[in-house]
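S.K.: Could you have a look at this structure, given as structure tokens, before my questions?
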Amino acid sequence: MTKIIIFEIDKKFCGFQVKGHSGYAESGQDIVCSAISTACQMALVGFKEVLNIDVNSTVQDGFMSVVVNMKDIEKAQDLLKTLNLTLKDIAENYSKFVKLEVKKYVY
């Protein structure tokens with residue numbers, strides 16, 4: 001199962017963490033993992049290359065964590081809201097394979 005946490009602080013999104021593989025299908029054939037990975041990678045590229053936002057990120061096999069620096073939280077909201085909606089939709093449609101929750105983040 002893939003576990004997704006969307007981080008928020010003061011009712012604003014500030015990052016996310018994705019952990020695990022969905023188990024929907026074999027590696028290389030798993031459309032659920034692929035969708036989640038693509039959405040999260042797109043967000044990371046969007047922060048760095050489009051919005052020029054400084055983020056703290058870790059990307060490893062089966063794990064990704066991205067947190068926006070406090071000074072850029074306002075600038076990141078549209079992209080984080082879009083990512084949240086995308087991941088929420090995936091979690092709702094594949095609830096046996098994906099769990100999503102929103103948690104308070106402490107810097």
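FYI, nothing fancy with the structure tokens labels: chains A, B, ... in order, residues from 1 per chain, ligands from 1 as they appear.
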Which residues are close to region 32-41 of chain A, i.e. within 10 Å by only C-alpha atoms, leaving aside same-chain residues fewer than 6 positions away? Reply as a PDB file with N, CA and C atoms, in the first residue's frame.

M.R.:
ATOM      1  N   MET A   1       0.833  -1.184   0.000  1.00  0.00           N
ATOM      2  CA  MET A   1       0.000   0.000   0.000  1.00  0.00           C
ATOM      3  C   MET A   1       0.882   1.255   0.000  1.00  0.00           C
ATOM      4  N   THR A   2       0.429   2.248  -0.740  1.00  0.00           N
ATOM      5  CA  THR A   2       1.107   3.544  -0.747  1.00  0.00           C
ATOM      6  C   THR A   2       0.429   4.443   0.274  1.00  0.00           C
ATOM      7  N   ILE A   4       0.220   8.254   1.682  1.00  0.00           N
ATOM      8  CA  ILE A   4       0.494   9.641   1.304  1.00  0.00           C
ATOM      9  C   ILE A   4       0.083  10.552   2.445  1.00  0.00           C
ATOM     10  N   PHE A  16       4.530  17.311   1.132  1.00  0.00           N
ATOM     11  CA  PHE A  16       3.938  15.985   1.083  1.00  0.00           C
ATOM     12  C   PHE A  16       4.998  14.904   1.276  1.00  0.00           C
ATOM     13  N   GLN A  17       4.507  13.728   1.622  1.00  0.00           N
ATOM     14  CA  GLN A  17       5.369  12.549   1.740  1.00  0.00           C
ATOM     15  C   GLN A  17       4.619  11.361   1.143  1.00  0.00           C
ATOM     16  N   VAL A  18       5.312  10.574   0.348  1.00  0.00           N
ATOM     17  CA  VAL A  18       4.735   9.378  -0.258  1.00  0.00           C
ATOM     18  C   VAL A  18       5.649   8.213   0.092  1.00  0.00           C
ATOM     19  N   GLY A  20       6.023   3.803   0.087  1.00  0.00           N
ATOM     20  CA  GLY A  20       5.578   2.457  -0.260  1.00  0.00           C
ATOM     21  C   GLY A  20       5.118   2.313  -1.697  1.00  0.00           C
ATOM     22  N   HIS A  21       4.878   1.070  -2.062  1.00  0.00           N
ATOM     23  CA  HIS A  21       4.378   0.731  -3.399  1.00  0.00           C
ATOM     24  C   HIS A  21       2.942   0.253  -3.257  1.00  0.00           C
ATOM     25  N   SER A  22       2.107   0.563  -4.207  1.00  0.00           N
ATOM     26  CA  SER A  22       0.677   0.278  -4.072  1.00  0.00           C
ATOM     27  C   SER A  22       0.344  -1.213  -4.067  1.00  0.00           C
ATOM     28  N   GLY A  23       1.073  -1.992  -4.840  1.00  0.00           N
ATOM     29  CA  GLY A  23       0.749  -3.410  -4.943  1.00  0.00           C
ATOM     30  C   GLY A  23      -0.407  -3.687  -5.879  1.00  0.00           C
ATOM     31  N   TYR A  24      -0.794  -2.700  -6.664  1.00  0.00           N
ATOM     32  CA  TYR A  24      -1.884  -2.867  -7.631  1.00  0.00           C
ATOM     33  C   TYR A  24      -1.511  -3.858  -8.732  1.00  0.00           C
ATOM     34  N   ALA A  25      -0.256  -3.805  -9.153  1.00  0.00           N
ATOM     35  CA  ALA A  25       0.248  -4.701 -10.195  1.00  0.00           C
ATOM     36  C   ALA A  25       1.757  -4.856 -10.004  1.00  0.00           C
ATOM     37  N   PHE A  47       7.854  23.128  -8.592  1.00  0.00           N
ATOM     38  CA  PHE A  47       8.418  23.993  -7.546  1.00  0.00           C
ATOM     39  C   PHE A  47       9.773  24.543  -7.961  1.00  0.00           C
ATOM     40  N   VAL A  59      14.217  11.867  -2.519  1.00  0.00           N
ATOM     41  CA  VAL A  59      13.592  10.945  -3.462  1.00  0.00           C
ATOM     42  C   VAL A  59      14.399   9.655  -3.464  1.00  0.00           C
ATOM     43  N   GLY A  62      10.468   4.045  -3.661  1.00  0.00           N
ATOM     44  CA  GLY A  62       9.363   3.849  -2.744  1.00  0.00           C
ATOM     45  C   GLY A  62       9.184   4.937  -1.705  1.00  0.00           C
ATOM     46  N   PHE A  63       9.891   6.064  -1.868  1.00  0.00           N
ATOM     47  CA  PHE A  63       9.774   7.145  -0.882  1.00  0.00           C
ATOM     48  C   PHE A  63      10.068   8.495  -1.533  1.00  0.00           C
ATOM     49  N   MET A  64       9.233   9.460  -1.204  1.00  0.00           N
ATOM     50  CA  MET A  64       9.471  10.828  -1.658  1.00  0.00           C
ATOM     51  C   MET A  64       8.931  11.783  -0.598  1.00  0.00           C
ATOM     52  N   SER A  65       9.725  12.778  -0.264  1.00  0.00           N
ATOM     53  CA  SER A  65       9.306  13.796   0.689  1.00  0.00           C
ATOM     54  C   SER A  65       9.697  15.159   0.132  1.00  0.00           C
ATOM     55  N   VAL A  66       8.748  16.070   0.145  1.00  0.00           N
ATOM     56  CA  VAL A  66       8.993  17.432  -0.345  1.00  0.00           C
ATOM     57  C   VAL A  66       8.330  18.403   0.622  1.00  0.00           C
ATOM     58  N   LEU A  80       0.275  22.934  -4.743  1.00  0.00           N
ATOM     59  CA  LEU A  80      -0.001  21.966  -3.674  1.00  0.00           C
ATOM     60  C   LEU A  80      -1.482  21.598  -3.608  1.00  0.00           C
ATOM     61  N   THR A  82      -3.537  21.583  -6.158  1.00  0.00           N
ATOM     62  CA  THR A  82      -3.752  20.735  -7.327  1.00  0.00           C
ATOM     63  C   THR A  82      -3.229  19.324  -7.081  1.00  0.00           C
ATOM     64  N   LEU A  83      -2.048  19.223  -6.502  1.00  0.00           N
ATOM     65  CA  LEU A  83      -1.488  17.907  -6.179  1.00  0.00           C
ATOM     66  C   LEU A  83      -2.400  17.187  -5.190  1.00  0.00           C
ATOM     67  N   ASN A  84      -2.872  17.883  -4.167  1.00  0.00           N
ATOM     68  CA  ASN A  84      -3.763  17.274  -3.183  1.00  0.00           C
ATOM     69  C   ASN A  84      -5.020  16.713  -3.857  1.00  0.00           C
ATOM     70  N   THR A  86      -5.427  15.826  -6.973  1.00  0.00           N
ATOM     71  CA  THR A  86      -5.045  14.703  -7.832  1.00  0.00           C
ATOM     72  C   THR A  86      -4.826  13.437  -7.014  1.00  0.00           C
ATOM     73  N   LEU A  87      -4.049  13.556  -5.931  1.00  0.00           N
ATOM     74  CA  LEU A  87      -3.764  12.392  -5.097  1.00  0.00           C
ATOM     75  C   LEU A  87      -5.006  11.909  -4.355  1.00  0.00           C
ATOM     76  N   ILE A  90      -6.966   9.789  -6.780  1.00  0.00           N
ATOM     77  CA  ILE A  90      -6.344   8.472  -6.922  1.00  0.00           C
ATOM     78  C   ILE A  90      -6.653   7.620  -5.691  1.00  0.00           C
ATOM     79  N   ALA A  91      -6.526   8.196  -4.508  1.00  0.00           N
ATOM     80  CA  ALA A  91      -6.777   7.455  -3.263  1.00  0.00           C
ATOM     81  C   ALA A  91      -8.233   7.000  -3.170  1.00  0.00           C
ATOM     82  N   ASN A  93     -10.274   6.388  -5.733  1.00  0.00           N
ATOM     83  CA  ASN A  93     -10.545   5.388  -6.767  1.00  0.00           C
ATOM     84  C   ASN A  93      -9.804   4.070  -6.550  1.00  0.00           C
ATOM     85  N   TYR A  94      -8.734   4.103  -5.787  1.00  0.00           N
ATOM     86  CA  TYR A  94      -7.933   2.903  -5.529  1.00  0.00           C
ATOM     87  C   TYR A  94      -7.695   2.758  -4.029  1.00  0.00           C
ATOM     88  N   PHE A  97      -5.402   0.326  -2.265  1.00  0.00           N
ATOM     89  CA  PHE A  97      -3.978   0.402  -2.559  1.00  0.00           C
ATOM     90  C   PHE A  97      -3.314   1.704  -2.113  1.00  0.00           C
ATOM     91  N   VAL A  98      -4.139   2.708  -1.781  1.00  0.00           N
ATOM     92  CA  VAL A  98      -3.603   4.038  -1.453  1.00  0.00           C
ATOM     93  C   VAL A  98      -4.355   4.612  -0.257  1.00  0.00           C
TER      94      VAL A  98
END

S.K.: Would you return as a ChimeraX atom specification the members of chain A that DSSP assigns to helix (DSSP H, G or I) on this structure's backbone?

M.R.: /A:31-50,70-93

S.K.: Which residue, A:Leu79, A:Val67, A:Ile31, A:Ile73, has the smallest gap to Val50 (chain A) when you use only C-alpha atoms?

M.R.: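 Under the stated criterion, the closest residue is A:Leu79.
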